[in-house]
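Student: See data-v9.cif below, with mmCIF, C-alpha atoms and all ligand atoms.
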```
data_final
#
loop_
_atom_site.label_atom_id
_atom_site.label_comp_id
_atom_site.auth_asym_id
_atom_site.auth_seq_id
_atom_site.Cartn_x
_atom_site.Cartn_y
_atom_site.Cartn_z
CA MET Y 1 17.95 -18.28 0.75
CA LYS Y 2 17.11 -16.19 -2.29
CA SER Y 3 18.52 -12.69 -2.01
CA ILE Y 4 17.91 -9.66 -4.14
CA ASP Y 5 19.77 -6.36 -4.08
CA ILE Y 6 17.07 -3.76 -3.59
CA THR Y 7 19.57 -0.96 -4.15
CA LYS Y 8 20.01 -2.16 -7.74
CA PHE Y 9 16.44 -3.15 -8.27
CA ALA Y 10 14.29 -0.25 -7.07
CA ARG Y 11 13.88 3.00 -9.00
CA PRO Y 12 17.00 5.08 -8.27
CA HIS Y 13 15.15 8.32 -7.49
CA ILE Y 14 12.99 6.47 -4.94
CA LEU Y 15 16.09 5.01 -3.28
CA ASN Y 16 17.58 8.50 -3.08
CA LEU Y 17 14.33 10.23 -2.12
CA LYS Y 18 14.31 12.28 1.04
CA PRO Y 19 10.81 11.48 2.37
CA TYR Y 20 8.47 13.97 3.98
CA SER Y 21 9.22 14.13 7.66
CA SER Y 22 6.04 14.53 9.68
CA ALA Y 23 5.79 15.93 13.20
CA ARG Y 24 5.14 12.38 14.41
CA ASP Y 25 8.31 11.21 12.63
CA GLU Y 26 10.49 13.74 14.40
CA TYR Y 27 9.21 13.20 17.92
CA THR Y 28 7.94 9.69 18.59
CA GLY Y 29 7.35 9.87 22.36
CA VAL Y 30 3.81 9.40 23.63
CA ALA Y 31 3.80 11.79 26.57
CA GLY Y 32 4.28 15.53 26.37
CA THR Y 33 2.77 18.83 25.42
CA PHE Y 34 2.30 18.60 21.69
CA LEU Y 35 2.73 21.95 20.05
CA ASP Y 36 4.44 20.65 16.94
CA ALA Y 37 1.74 19.62 14.47
CA ASN Y 38 -0.66 22.58 14.35
CA GLU Y 39 -3.44 20.37 15.63
CA ASN Y 40 -6.50 21.76 17.40
CA PRO Y 41 -5.73 21.46 21.15
CA LEU Y 42 -9.40 21.83 22.18
CA GLY Y 43 -10.86 18.72 20.61
CA SER Y 44 -12.99 17.93 17.58
CA ALA Y 45 -16.26 19.09 16.06
CA THR Y 46 -17.57 15.58 16.78
CA ASP Y 47 -18.53 13.75 19.98
CA GLU Y 48 -15.36 11.71 19.92
CA ASN Y 49 -11.99 13.41 19.60
CA PHE Y 50 -9.86 13.01 16.49
CA ASN Y 51 -7.78 16.16 16.84
CA ARG Y 52 -4.39 14.42 16.97
CA TYR Y 53 -2.64 12.94 13.94
CA PRO Y 54 -2.50 9.14 14.04
CA ASP Y 55 0.64 6.99 14.25
CA PRO Y 56 2.14 7.14 10.73
CA TYR Y 57 3.47 3.58 11.04
CA GLN Y 58 0.51 2.00 12.90
CA TRP Y 59 2.78 0.19 15.37
CA GLU Y 60 -0.03 -0.92 17.69
CA VAL Y 61 -1.88 -2.62 14.84
CA LYS Y 62 1.31 -4.19 13.50
CA LYS Y 63 2.27 -5.47 16.96
CA ALA Y 64 -1.16 -7.05 17.42
CA LEU Y 65 -0.96 -8.58 13.92
CA SER Y 66 2.47 -10.04 14.52
CA PRO Y 67 1.54 -13.11 16.62
CA ILE Y 68 -1.51 -13.80 14.45
CA LYS Y 69 0.42 -13.71 11.19
CA GLY Y 70 3.79 -14.87 12.47
CA VAL Y 71 5.46 -11.85 10.86
CA ASN Y 72 7.53 -9.16 12.60
CA PRO Y 73 6.10 -5.63 12.69
CA GLU Y 74 9.22 -4.47 10.78
CA ASN Y 75 8.24 -6.77 7.93
CA THR Y 76 4.69 -5.43 7.80
CA PHE Y 77 3.27 -2.56 5.76
CA LEU Y 78 -0.30 -1.35 6.22
CA GLY Y 79 -2.07 0.42 3.40
CA ASN Y 80 -5.37 2.03 2.52
CA GLY Y 81 -6.56 -1.36 1.32
CA SER Y 82 -4.06 -3.79 -0.16
CA ASP Y 83 -4.73 -1.81 -3.32
CA GLU Y 84 -2.48 0.92 -1.91
CA ALA Y 85 0.36 -1.59 -1.55
CA ILE Y 86 -0.13 -2.70 -5.16
CA ASP Y 87 0.13 0.89 -6.39
CA LEU Y 88 3.16 1.63 -4.20
CA LEU Y 89 4.98 -1.45 -5.53
CA PHE Y 90 4.62 -0.02 -9.04
CA ARG Y 91 5.80 3.39 -7.91
CA ALA Y 92 8.78 1.99 -6.03
CA PHE Y 93 10.01 -0.52 -8.59
CA CYS Y 94 8.68 0.21 -12.09
CA GLU Y 95 10.07 2.95 -14.30
CA PRO Y 96 7.23 4.26 -16.53
CA LYS Y 97 7.59 3.41 -20.23
CA ALA Y 98 10.61 1.23 -19.48
CA ASP Y 99 9.86 -1.54 -17.00
CA ASN Y 100 7.17 -4.17 -17.20
CA VAL Y 101 5.25 -6.55 -14.94
CA ILE Y 102 3.70 -9.96 -15.54
CA THR Y 103 0.09 -10.79 -14.72
CA LEU Y 104 -1.64 -14.14 -15.08
CA PRO Y 105 -5.19 -13.66 -16.38
CA PRO Y 106 -7.92 -14.31 -15.59
CA THR Y 107 -7.04 -12.48 -12.39
CA TYR Y 108 -7.68 -9.46 -10.19
CA GLY Y 109 -8.14 -6.30 -12.27
CA MET Y 110 -6.20 -3.87 -10.10
CA TYR Y 111 -2.77 -5.07 -11.26
CA GLN Y 112 -3.54 -3.97 -14.83
CA VAL Y 113 -5.19 -0.71 -13.71
CA CYS Y 114 -2.23 0.25 -11.50
CA ALA Y 115 0.13 -0.59 -14.36
CA ASP Y 116 -1.88 1.62 -16.72
CA ILE Y 117 -1.96 4.50 -14.24
CA ASN Y 118 1.80 4.23 -13.82
CA LEU Y 119 2.48 3.81 -17.56
CA VAL Y 120 4.03 0.41 -17.00
CA ASP Y 121 3.75 -2.36 -19.59
CA VAL Y 122 1.92 -5.56 -18.66
CA ILE Y 123 2.97 -8.90 -20.12
CA THR Y 124 0.12 -11.38 -19.70
CA VAL Y 125 0.70 -15.10 -19.42
CA PRO Y 126 -2.74 -16.73 -19.21
CA LEU Y 127 -3.41 -19.46 -16.70
CA THR Y 128 -3.85 -22.96 -18.11
CA THR Y 129 -7.41 -24.14 -18.82
CA ASP Y 130 -7.56 -25.62 -15.31
CA PHE Y 131 -6.53 -22.18 -13.96
CA GLN Y 132 -3.01 -23.19 -12.92
CA LEU Y 133 0.31 -21.44 -13.57
CA ASP Y 134 2.05 -21.91 -16.92
CA VAL Y 135 5.44 -21.84 -15.20
CA ASP Y 136 7.55 -22.24 -18.35
CA GLY Y 137 5.48 -19.61 -20.15
CA ILE Y 138 5.90 -17.21 -17.24
CA LEU Y 139 9.66 -17.68 -17.02
CA GLU Y 140 10.03 -17.34 -20.80
CA ALA Y 141 8.03 -14.10 -20.73
CA VAL Y 142 10.45 -12.47 -18.28
CA THR Y 143 12.61 -9.72 -19.81
CA PRO Y 144 15.52 -7.81 -18.24
CA SER Y 145 12.98 -5.07 -17.44
CA THR Y 146 10.46 -7.31 -15.66
CA LYS Y 147 10.15 -6.10 -12.09
CA LEU Y 148 7.03 -7.72 -10.64
CA ILE Y 149 5.05 -10.92 -11.16
CA PHE Y 150 1.55 -10.86 -9.65
CA ILE Y 151 0.22 -14.21 -8.44
CA CYS Y 152 -3.24 -14.22 -6.89
CA ASN Y 153 -3.67 -17.25 -4.61
CA PRO Y 154 -6.47 -18.27 -4.19
CA ASN Y 155 -7.16 -16.62 -7.51
CA ASN Y 156 -9.92 -14.10 -8.19
CA PRO Y 157 -12.22 -14.57 -10.17
CA THR Y 158 -11.62 -18.32 -10.55
CA GLY Y 159 -11.54 -19.15 -6.82
CA ASN Y 160 -8.99 -21.97 -7.02
CA LYS Y 161 -5.69 -22.28 -5.21
CA LEU Y 162 -2.50 -22.55 -7.20
CA ASP Y 163 0.07 -25.30 -7.17
CA GLU Y 164 2.62 -24.53 -4.47
CA LYS Y 165 5.57 -26.09 -6.31
CA ALA Y 166 4.84 -23.93 -9.34
CA ILE Y 167 4.92 -20.77 -7.21
CA LEU Y 168 8.15 -21.90 -5.54
CA LYS Y 169 9.76 -22.41 -8.93
CA ILE Y 170 8.91 -18.84 -9.90
CA LEU Y 171 10.24 -17.53 -6.58
CA ASP Y 172 13.45 -19.48 -7.19
CA GLU Y 173 13.99 -18.58 -10.82
CA PHE Y 174 12.73 -15.01 -11.15
CA ASN Y 175 15.14 -12.25 -10.20
CA GLY Y 176 12.45 -9.77 -9.39
CA LEU Y 177 9.61 -9.42 -6.92
CA VAL Y 178 6.96 -12.12 -6.75
CA VAL Y 179 3.82 -10.55 -5.33
CA ILE Y 180 1.48 -13.18 -3.91
CA ASP Y 181 -1.97 -11.73 -3.31
CA GLU Y 182 -3.62 -13.75 -0.54
CA ALA Y 183 -6.81 -11.71 -0.16
CA TYR Y 184 -8.77 -14.98 0.23
CA ILE Y 185 -6.26 -17.00 2.26
CA ASP Y 186 -8.61 -17.34 5.27
CA PHE Y 187 -11.08 -19.33 3.17
CA SER Y 188 -8.44 -21.74 1.88
CA ASP Y 189 -6.82 -24.78 3.45
CA HIS Y 190 -3.30 -23.87 2.33
CA THR Y 191 -0.80 -22.08 4.53
CA SER Y 192 0.34 -18.58 3.79
CA PHE Y 193 3.55 -17.87 1.89
CA THR Y 194 4.45 -15.52 4.76
CA ASN Y 195 6.20 -18.65 6.14
CA LEU Y 196 8.80 -18.21 3.41
CA LEU Y 197 9.58 -14.53 3.92
CA SER Y 198 12.91 -15.31 5.57
CA GLU Y 199 13.90 -17.57 2.67
CA TYR Y 200 12.92 -15.31 -0.22
CA GLN Y 201 13.90 -11.64 -0.23
CA ASN Y 202 12.01 -11.30 -3.50
CA LEU Y 203 8.68 -12.28 -1.94
CA VAL Y 204 5.86 -9.86 -1.15
CA VAL Y 205 2.66 -11.26 0.38
CA LEU Y 206 -0.53 -9.20 0.28
CA GLN Y 207 -3.45 -9.80 2.61
CA THR Y 208 -6.45 -7.69 3.56
CA PHE Y 209 -8.97 -6.91 6.28
CA SER Y 210 -11.64 -6.54 3.58
CA LYS Y 211 -12.77 -10.15 3.20
CA ALA Y 212 -12.61 -12.66 6.10
CA TRP Y 213 -12.29 -9.94 8.76
CA GLY Y 214 -15.36 -8.23 7.35
CA LEU Y 215 -13.83 -4.75 7.35
CA ALA Y 216 -13.99 -3.68 3.71
CA ALA Y 217 -15.30 -0.24 4.68
CA LEU Y 218 -12.31 0.54 6.90
CA ARG Y 219 -9.87 0.34 3.98
CA ILE Y 220 -6.90 -1.47 5.44
CA GLY Y 221 -4.68 -4.05 3.81
CA MET Y 222 -1.33 -5.66 4.58
CA ALA Y 223 1.90 -6.24 2.71
CA PHE Y 224 4.52 -8.54 4.23
CA ALA Y 225 8.06 -8.45 2.86
CA SER Y 226 11.73 -7.90 3.68
CA LYS Y 227 12.60 -4.90 5.83
CA GLU Y 228 14.21 -3.22 2.82
CA ILE Y 229 11.03 -3.43 0.76
CA ILE Y 230 8.83 -2.30 3.67
CA THR Y 231 11.13 0.68 4.27
CA LEU Y 232 10.80 1.67 0.64
CA LEU Y 233 6.99 1.47 0.70
CA ASN Y 234 6.90 3.51 3.91
CA LYS Y 235 9.08 6.13 2.26
CA ILE Y 236 6.62 6.86 -0.53
CA LYS Y 237 3.24 6.36 1.16
CA TYR Y 238 1.17 9.31 2.34
CA PRO Y 239 2.46 10.15 5.84
CA TYR Y 240 -0.79 9.27 7.62
CA ASN Y 241 -2.20 6.70 5.21
CA ILE Y 242 -4.25 4.79 7.81
CA ASN Y 243 -6.56 7.05 9.77
CA GLN Y 244 -7.08 6.85 13.54
CA LEU Y 245 -10.58 5.31 13.40
CA THR Y 246 -9.37 2.59 11.08
CA GLN Y 247 -6.37 1.83 13.28
CA GLU Y 248 -8.61 1.56 16.36
CA LYS Y 249 -11.15 -0.68 14.68
CA ALA Y 250 -8.49 -2.90 13.10
CA LEU Y 251 -6.93 -3.31 16.54
CA GLU Y 252 -10.35 -4.18 17.97
CA SER Y 253 -10.84 -6.83 15.29
CA LEU Y 254 -7.48 -8.42 16.09
CA LYS Y 255 -8.71 -8.99 19.64
CA ASN Y 256 -11.69 -10.84 18.13
CA VAL Y 257 -9.92 -13.47 16.05
CA ARG Y 258 -12.52 -16.00 17.16
CA LYS Y 259 -15.34 -13.98 15.67
CA LYS Y 260 -13.46 -13.85 12.36
CA GLU Y 261 -12.90 -17.60 12.51
CA GLN Y 262 -16.55 -18.23 13.32
CA MET Y 263 -17.63 -16.11 10.34
CA VAL Y 264 -15.21 -17.96 8.07
CA ARG Y 265 -16.62 -21.32 9.22
CA GLU Y 266 -20.14 -20.10 8.53
CA ILE Y 267 -19.23 -18.84 5.07
CA LEU Y 268 -17.47 -22.13 4.25
CA GLN Y 269 -20.59 -24.02 5.37
CA GLU Y 270 -22.76 -21.83 3.19
CA ARG Y 271 -20.33 -22.32 0.30
CA ALA Y 272 -20.70 -26.10 0.65
CA GLU Y 273 -24.50 -25.75 0.78
CA LEU Y 274 -24.52 -23.60 -2.36
CA ILE Y 275 -22.38 -26.14 -4.20
CA LYS Y 276 -24.82 -28.92 -3.25
CA VAL Y 277 -27.78 -26.99 -4.59
CA PHE Y 278 -25.97 -25.80 -7.73
CA GLU Y 279 -25.13 -29.44 -8.52
CA GLN Y 280 -28.86 -30.11 -8.75
CA LEU Y 281 -29.66 -27.05 -10.88
CA PRO Y 282 -29.81 -27.91 -14.62
CA LEU Y 283 -28.92 -24.32 -15.50
CA VAL Y 284 -25.52 -24.64 -13.80
CA LYS Y 285 -23.22 -26.38 -16.28
CA HIS Y 286 -20.08 -26.33 -14.15
CA ILE Y 287 -19.02 -25.28 -10.66
CA TYR Y 288 -15.34 -24.49 -10.37
CA PRO Y 289 -13.57 -25.63 -7.19
CA SER Y 290 -13.37 -22.73 -4.74
CA HIS Y 291 -10.93 -21.90 -1.96
CA ALA Y 292 -12.45 -18.45 -1.58
CA ASN Y 293 -15.71 -16.88 -0.39
CA PHE Y 294 -17.21 -16.98 -3.87
CA LEU Y 295 -18.09 -19.51 -6.53
CA LEU Y 296 -17.43 -19.30 -10.24
CA ILE Y 297 -20.12 -21.13 -12.19
CA LYS Y 298 -20.59 -21.74 -15.89
CA VAL Y 299 -24.02 -21.31 -17.43
CA ASP Y 300 -25.41 -21.21 -20.97
CA GLU Y 301 -26.83 -17.70 -20.84
CA PRO Y 302 -24.68 -15.70 -18.41
CA VAL Y 303 -25.79 -12.22 -19.46
CA LYS Y 304 -29.48 -13.16 -19.46
CA ILE Y 305 -29.20 -14.75 -16.02
CA TYR Y 306 -27.20 -11.80 -14.73
CA GLN Y 307 -29.93 -9.41 -15.94
CA PHE Y 308 -32.72 -11.66 -14.66
CA LEU Y 309 -31.11 -11.65 -11.20
CA ILE Y 310 -30.66 -7.89 -11.26
CA ASP Y 311 -34.37 -7.50 -12.01
CA LYS Y 312 -34.88 -9.42 -8.76
CA LEU Y 313 -32.35 -7.14 -7.05
CA ILE Y 314 -29.78 -9.90 -6.69
CA ILE Y 315 -26.42 -8.70 -7.91
CA VAL Y 316 -23.72 -11.14 -9.00
CA ARG Y 317 -20.64 -10.50 -11.11
CA ASP Y 318 -20.82 -11.18 -14.83
CA ARG Y 319 -17.38 -12.55 -15.76
CA SER Y 320 -18.48 -14.01 -19.09
CA LYS Y 321 -16.34 -11.61 -21.12
CA VAL Y 322 -13.18 -12.44 -19.15
CA MET Y 323 -10.54 -14.63 -20.79
CA LEU Y 324 -11.06 -18.35 -19.97
CA CYS Y 325 -14.25 -17.46 -18.06
CA GLU Y 326 -16.64 -17.55 -21.02
CA GLY Y 327 -20.16 -18.25 -19.76
CA CYS Y 328 -19.19 -17.60 -16.14
CA LEU Y 329 -20.79 -15.76 -13.28
CA ARG Y 330 -18.96 -15.06 -10.03
CA ILE Y 331 -21.19 -15.35 -7.01
CA THR Y 332 -20.17 -14.21 -3.54
CA VAL Y 333 -21.31 -16.56 -0.78
CA GLY Y 334 -23.99 -14.67 1.13
CA THR Y 335 -25.94 -15.33 4.31
CA ALA Y 336 -28.19 -18.40 4.43
CA LYS Y 337 -31.17 -16.17 3.59
CA GLU Y 338 -29.38 -14.41 0.73
CA ASN Y 339 -28.28 -17.73 -0.76
CA LYS Y 340 -31.81 -19.06 -0.48
CA ASP Y 341 -33.15 -16.02 -2.35
CA LEU Y 342 -30.50 -16.53 -5.02
CA ILE Y 343 -31.38 -20.19 -5.46
CA GLU Y 344 -35.10 -19.46 -5.67
CA ALA Y 345 -34.44 -16.83 -8.30
CA LEU Y 346 -32.24 -19.21 -10.32
CA LYS Y 347 -34.93 -21.89 -10.12
CA ALA Y 348 -37.43 -19.40 -11.55
CA PHE Y 349 -35.22 -18.63 -14.54
CA GLN Y 350 -36.18 -20.10 -17.88
C1 LIG Y 401 -10.74 -8.01 -2.60
C2 LIG Y 401 -9.35 -8.17 -3.10
C3 LIG Y 401 -8.31 -7.41 -2.57
C4 LIG Y 401 -8.58 -6.48 -1.43
O1 LIG Y 401 -8.39 -5.18 -1.73
P1 LIG Y 401 -8.50 -4.11 -0.55
O2 LIG Y 401 -7.96 -2.91 -1.24
O3 LIG Y 401 -7.62 -4.59 0.57
O4 LIG Y 401 -9.93 -4.02 -0.16
C5 LIG Y 401 -7.03 -7.63 -3.01
N1 LIG Y 401 -6.77 -8.56 -3.93
C6 LIG Y 401 -7.73 -9.32 -4.45
C7 LIG Y 401 -7.40 -10.37 -5.41
C8 LIG Y 401 -9.06 -9.14 -4.07
O5 LIG Y 401 -10.02 -9.89 -4.61
#
```
Since I need it in another form, could you write the structure as structure tokens?
Tutor:
Amino acid sequence: MKSIDITKFARPHILNLKPYSSARDEYTGVAGTFLDANENPLGSATDENFNRYPDPYQWEVKKALSPIKGVNPENTFLGNGSDEAIDLLFRAFCEPKADNVITLPPTYGMYQVCADINLVDVITVPLTTDFQLDVDGILEAVTPSTKLIFICNPNNPTGNKLDEKAILKILDEFNGLVVIDEAYIDFSDHTSFTNLLSEYQNLVVLQTFSKAWGLAALRIGMAFASKEIITLLNKIKYPYNINQLTQEKALESLKNVRKKEQMVREILQERAELIKVFEQLPLVKHIYPSHANFLLIKVDEPVKIYQFLIDKLIIVRDRSKVMLCEGCLRITVGTAKENKDLIEALKAFQ
């Protein structure tokens, strides 16, 4: 069991912070005459009523998530997208202009943006040319001020999964938080690192409702970690960070796991179809292995193809200027019809 003393590791003023105490913090009962939150007792200026503040800790959603994820509600944080959790981790653990974090490009852009917003240095340790972890390089890059290492698995924008032993070595050796971003876990065949939460107190696992669950517009993401870390994140979040509508719809989705699974199967089928067709297209020079709902492909003229597709109102992501992704486009797996349109457009390119 790898332990870490949060009281030495988090920013002191956050540890000592007296958080805002909302009306729903001070009285947590469900029945009663609520005259404590200055809400409108009559209802809402909409057909449906939203006049009461929502549960600040989203217990119903967390309880419904618990059996699906195998994680206790007390070890679960819900944020306005997993992006909120990323930002809160910086604010809880990284002292501006003093601490640093490690990212492993090419990877998800939000880690760098949150670091920049919070005036926290980023040490980058590029992935190897086959998009795996340079474990020795990562461990050598650690300084006494390194607080977080961000590992995106499966990785965005490359789509591959990372070697499990390499991640375990970093969890074992690094005396800071290892944040494993599993936004695409539902599309992969590997099991979640949430299994290891009880063994590693320095582990934070991020997941989201935005991809496989199909709920990007709701803005809700998950962070799973030790109780101490979750308590700290809860302390600094906005009191009502997940609105009532989002909580209700997230709960509804959790009663529909089979629909999510069905959609994942369909997307995986479409991904396999796309790969088959891409293999026959001379313009596609390489298809990177994907454990996500997108494909990274290498082409000779990425910008031209990107523009050509836009002219046909098909929008893909130009990643050709990203380190190690020279010549690459990132293409989200669409519906059968959307993929067919894409393929026809690519066939017309010359
Ligand atoms: C899409 C994505 C997310 C999800 O962000 P939300 O804020 O939950 O929508 C997180 N991490 C990665 C790597 C992603 O690609």
Student: Can you check which parts of chain Y lie within 10 Å of ligand LIG 401 (chain Y)? Per residue, the shortest pair of atoms and distance in Å to one decimal, counting all atoms listed in the file, sorted by chain and number, as a Markdown table.
Tutor:
```
| residue | atom | partner | partner_atom | distance |
| --- | --- | --- | --- | --- |
| Y:Leu78 | CA | Y:LIG401 | O3 | 9.8 |
| Y:Gly79 | CA | Y:LIG401 | O3 | 8.0 |
| Y:Asn80 | CA | Y:LIG401 | O2 | 6.7 |
| Y:Gly81 | CA | Y:LIG401 | O2 | 3.3 |
| Y:Ser82 | CA | Y:LIG401 | O3 | 3.7 |
| Y:Asp83 | CA | Y:LIG401 | O2 | 4.0 |
| Y:Glu84 | CA | Y:LIG401 | O2 | 6.7 |
| Y:Ala85 | CA | Y:LIG401 | O2 | 8.4 |
| Y:Ile86 | CA | Y:LIG401 | C5 | 8.7 |
| Y:Thr107 | CA | Y:LIG401 | C7 | 7.3 |
| Y:Tyr108 | CA | Y:LIG401 | C7 | 4.9 |
| Y:Gly109 | CA | Y:LIG401 | C7 | 8.0 |
| Y:Met110 | CA | Y:LIG401 | N1 | 7.8 |
| Y:Tyr111 | CA | Y:LIG401 | N1 | 9.1 |
| Y:Phe150 | CA | Y:LIG401 | C7 | 9.9 |
| Y:Ile151 | CA | Y:LIG401 | C7 | 9.1 |
| Y:Cys152 | CA | Y:LIG401 | C7 | 5.9 |
| Y:Asn153 | CA | Y:LIG401 | C7 | 7.9 |
| Y:Pro154 | CA | Y:LIG401 | C7 | 8.0 |
| Y:Asn155 | CA | Y:LIG401 | C7 | 6.6 |
| Y:Asn156 | CA | Y:LIG401 | C7 | 5.3 |
| Y:Pro157 | CA | Y:LIG401 | O5 | 7.6 |
| Y:Gly159 | CA | Y:LIG401 | O5 | 9.6 |
| Y:Ile180 | CA | Y:LIG401 | C7 | 9.4 |
| Y:Asp181 | CA | Y:LIG401 | N1 | 5.8 |
| Y:Glu182 | CA | Y:LIG401 | N1 | 7.0 |
| Y:Ala183 | CA | Y:LIG401 | N1 | 4.9 |
| Y:Tyr184 | CA | Y:LIG401 | O5 | 7.1 |
| Y:Leu206 | CA | Y:LIG401 | C5 | 7.5 |
| Y:Gln207 | CA | Y:LIG401 | O3 | 7.0 |
| Y:Thr208 | CA | Y:LIG401 | O3 | 4.5 |
| Y:Phe209 | CA | Y:LIG401 | O3 | 6.3 |
| Y:Ser210 | CA | Y:LIG401 | O4 | 4.8 |
| Y:Lys211 | CA | Y:LIG401 | C1 | 6.5 |
| Y:Leu215 | CA | Y:LIG401 | O4 | 8.5 |
| Y:Ala216 | CA | Y:LIG401 | O4 | 5.6 |
| Y:Ala217 | CA | Y:LIG401 | O4 | 8.2 |
| Y:Leu218 | CA | Y:LIG401 | O4 | 8.7 |
| Y:Arg219 | CA | Y:LIG401 | O4 | 6.0 |
| Y:Ile220 | CA | Y:LIG401 | O3 | 5.8 |
| Y:Gly221 | CA | Y:LIG401 | O3 | 4.4 |
| Y:Met222 | CA | Y:LIG401 | O3 | 7.5 |
| Y:Ala223 | CA | Y:LIG401 | O3 | 9.9 |
| Y:Ala292 | CA | Y:LIG401 | O5 | 9.4 |
| Y:Asn293 | CA | Y:LIG401 | O5 | 10.0 |
```
Student: Expressed in Å to a single decimal, how great is the separation between atom CA of Trp213 of chain Y and atom CA of Ile297 of chain Y?
Tutor: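 Rounded to one decimal, the two atoms are 25.0 Å apart.
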Student: What's around Thr124 of chain Y at 12 Å? Count all atoms listed in the file, leave out sequence neighbours fewer than 2 positions away in its own chain, and write the answer as a ChimeraX atom specification.
Tutor: /Y:100-107,111-112,121-122,126-127,133-134,137-142,146,148-151,323
Student: May I have the residues within 12 Å of Ser253 of chain Y as a PyMOL selection string, using only C-alpha atoms and disregarding those fewer than 3 positions away in the same chain?
Tutor: chain Y and resi 61+64-65+68+209-210+212-215+218+220+246-250+256-261
Student: Choose the residue, out of Y:Lys97, Y:Lys147, Y:Lys337, Y:His291, that has the smallest atom-to-atom separation from Asp189 of chain Y; count all atoms listed in the file.
Tutor: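 Of the candidates, the smallest distance to Asp189 of chain Y is held by Y:His291.
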Student: Separation of atom CA of Glu273 of chain Y and atom CA of Asn339 of chain Y, in Å?
Tutor: 9.0 Å
Student: Which of these residues is nearest to Cys94 of chain Y, using only C-alpha atoms: Y:Ser145, Y:Thr129, Y:Asn243, Y:Asn202?
Tutor: Y:Ser145
Student: Which residues are close to segment 23-40 of chain Y, i.e. within 9 Å by only C-alpha atoms, leaving aside same-chain residues fewer than 5 positions away? Reply as a PyMOL selection string.
Tutor: chain Y and resi 51-56
Student: Enter the distance from atom CA of Arg11 of chain Y to atom CA of Thr76 of chain Y, in Å, rounded to one decimal.
Tutor: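 Computing it gives 20.9 Å between the two atoms.
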Student: Go through Y:Lys304, Y:Phe9, Y:Arg319, Y:Glu270 and flag the residue nearest Leu177 of chain Y, using all atoms listed in the file for the distances.
Tutor: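 So, comparing all the options, the nearest one is Y:Phe9.
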Student: With distances taken over only C-alpha atoms, which residue among Y:Ile117, Y:Ala345, Y:Leu15, Y:Cys328 lies nearest Asp300 of chain Y?
Tutor: Y:Cys328
Student: So, counting all atoms listed in the file, which residue among Y:Gln244, Y:Glu228, Y:Asn195, Y:Pro67 is closest to Thr7 of chain Y?
Tutor: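 Closest to Thr7 of chain Y, using all atoms listed in the file: Y:Glu228.
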Student: Name the residues in contact with Ser290 of chain Y at a cut-off of 8 Å, using all atoms listed in the file, excluding same-chain residues fewer than 3 positions from it; report them as an MDAnalysis selection string.
Tutor: chainID Y and resid 158:161 293:296
Student: Would you kindly place N, CA, C and O atoms on segment 302-310 of chain Y and return the model as a PDB file, keeping the file's coordinate frame?
Tutor:
```
ATOM      1  N   PRO Y 302     -25.135 -16.494 -19.557  1.00  0.00           N
ATOM      2  CA  PRO Y 302     -24.680 -15.700 -18.410  1.00  0.00           C
ATOM      3  C   PRO Y 302     -25.284 -14.294 -18.343  1.00  0.00           C
ATOM      4  O   PRO Y 302     -25.704 -13.863 -17.265  1.00  0.00           O
ATOM      5  N   VAL Y 303     -25.329 -13.620 -19.484  1.00  0.00           N
ATOM      6  CA  VAL Y 303     -25.790 -12.220 -19.460  1.00  0.00           C
ATOM      7  C   VAL Y 303     -27.281 -12.160 -19.132  1.00  0.00           C
ATOM      8  O   VAL Y 303     -27.730 -11.308 -18.367  1.00  0.00           O
ATOM      9  N   LYS Y 304     -28.035 -13.106 -19.711  1.00  0.00           N
ATOM     10  CA  LYS Y 304     -29.480 -13.160 -19.460  1.00  0.00           C
ATOM     11  C   LYS Y 304     -29.747 -13.444 -17.975  1.00  0.00           C
ATOM     12  O   LYS Y 304     -30.626 -12.841 -17.357  1.00  0.00           O
ATOM     13  N   ILE Y 305     -28.998 -14.389 -17.432  1.00  0.00           N
ATOM     14  CA  ILE Y 305     -29.200 -14.750 -16.020  1.00  0.00           C
ATOM     15  C   ILE Y 305     -28.793 -13.577 -15.121  1.00  0.00           C
ATOM     16  O   ILE Y 305     -29.488 -13.230 -14.163  1.00  0.00           O
ATOM     17  N   TYR Y 306     -27.685 -12.959 -15.481  1.00  0.00           N
ATOM     18  CA  TYR Y 306     -27.200 -11.800 -14.730  1.00  0.00           C
ATOM     19  C   TYR Y 306     -28.294 -10.718 -14.680  1.00  0.00           C
ATOM     20  O   TYR Y 306     -28.622 -10.191 -13.614  1.00  0.00           O
ATOM     21  N   GLN Y 307     -28.892 -10.430 -15.854  1.00  0.00           N
ATOM     22  CA  GLN Y 307     -29.930  -9.410 -15.940  1.00  0.00           C
ATOM     23  C   GLN Y 307     -31.191  -9.834 -15.174  1.00  0.00           C
ATOM     24  O   GLN Y 307     -31.815  -9.032 -14.473  1.00  0.00           O
ATOM     25  N   PHE Y 308     -31.536 -11.109 -15.341  1.00  0.00           N
ATOM     26  CA  PHE Y 308     -32.720 -11.660 -14.660  1.00  0.00           C
ATOM     27  C   PHE Y 308     -32.561 -11.502 -13.139  1.00  0.00           C
ATOM     28  O   PHE Y 308     -33.492 -11.105 -12.428  1.00  0.00           O
ATOM     29  N   LEU Y 309     -31.358 -11.782 -12.636  1.00  0.00           N
ATOM     30  CA  LEU Y 309     -31.110 -11.650 -11.200  1.00  0.00           C
ATOM     31  C   LEU Y 309     -31.168 -10.189 -10.765  1.00  0.00           C
ATOM     32  O   LEU Y 309     -31.713  -9.860  -9.710  1.00  0.00           O
ATOM     33  N   ILE Y 310     -30.630  -9.316 -11.587  1.00  0.00           N
ATOM     34  CA  ILE Y 310     -30.660  -7.890 -11.260  1.00  0.00           C
ATOM     35  C   ILE Y 310     -32.110  -7.403 -11.154  1.00  0.00           C
ATOM     36  O   ILE Y 310     -32.461  -6.647 -10.241  1.00  0.00           O
TER      37      ILE Y 310
END
```
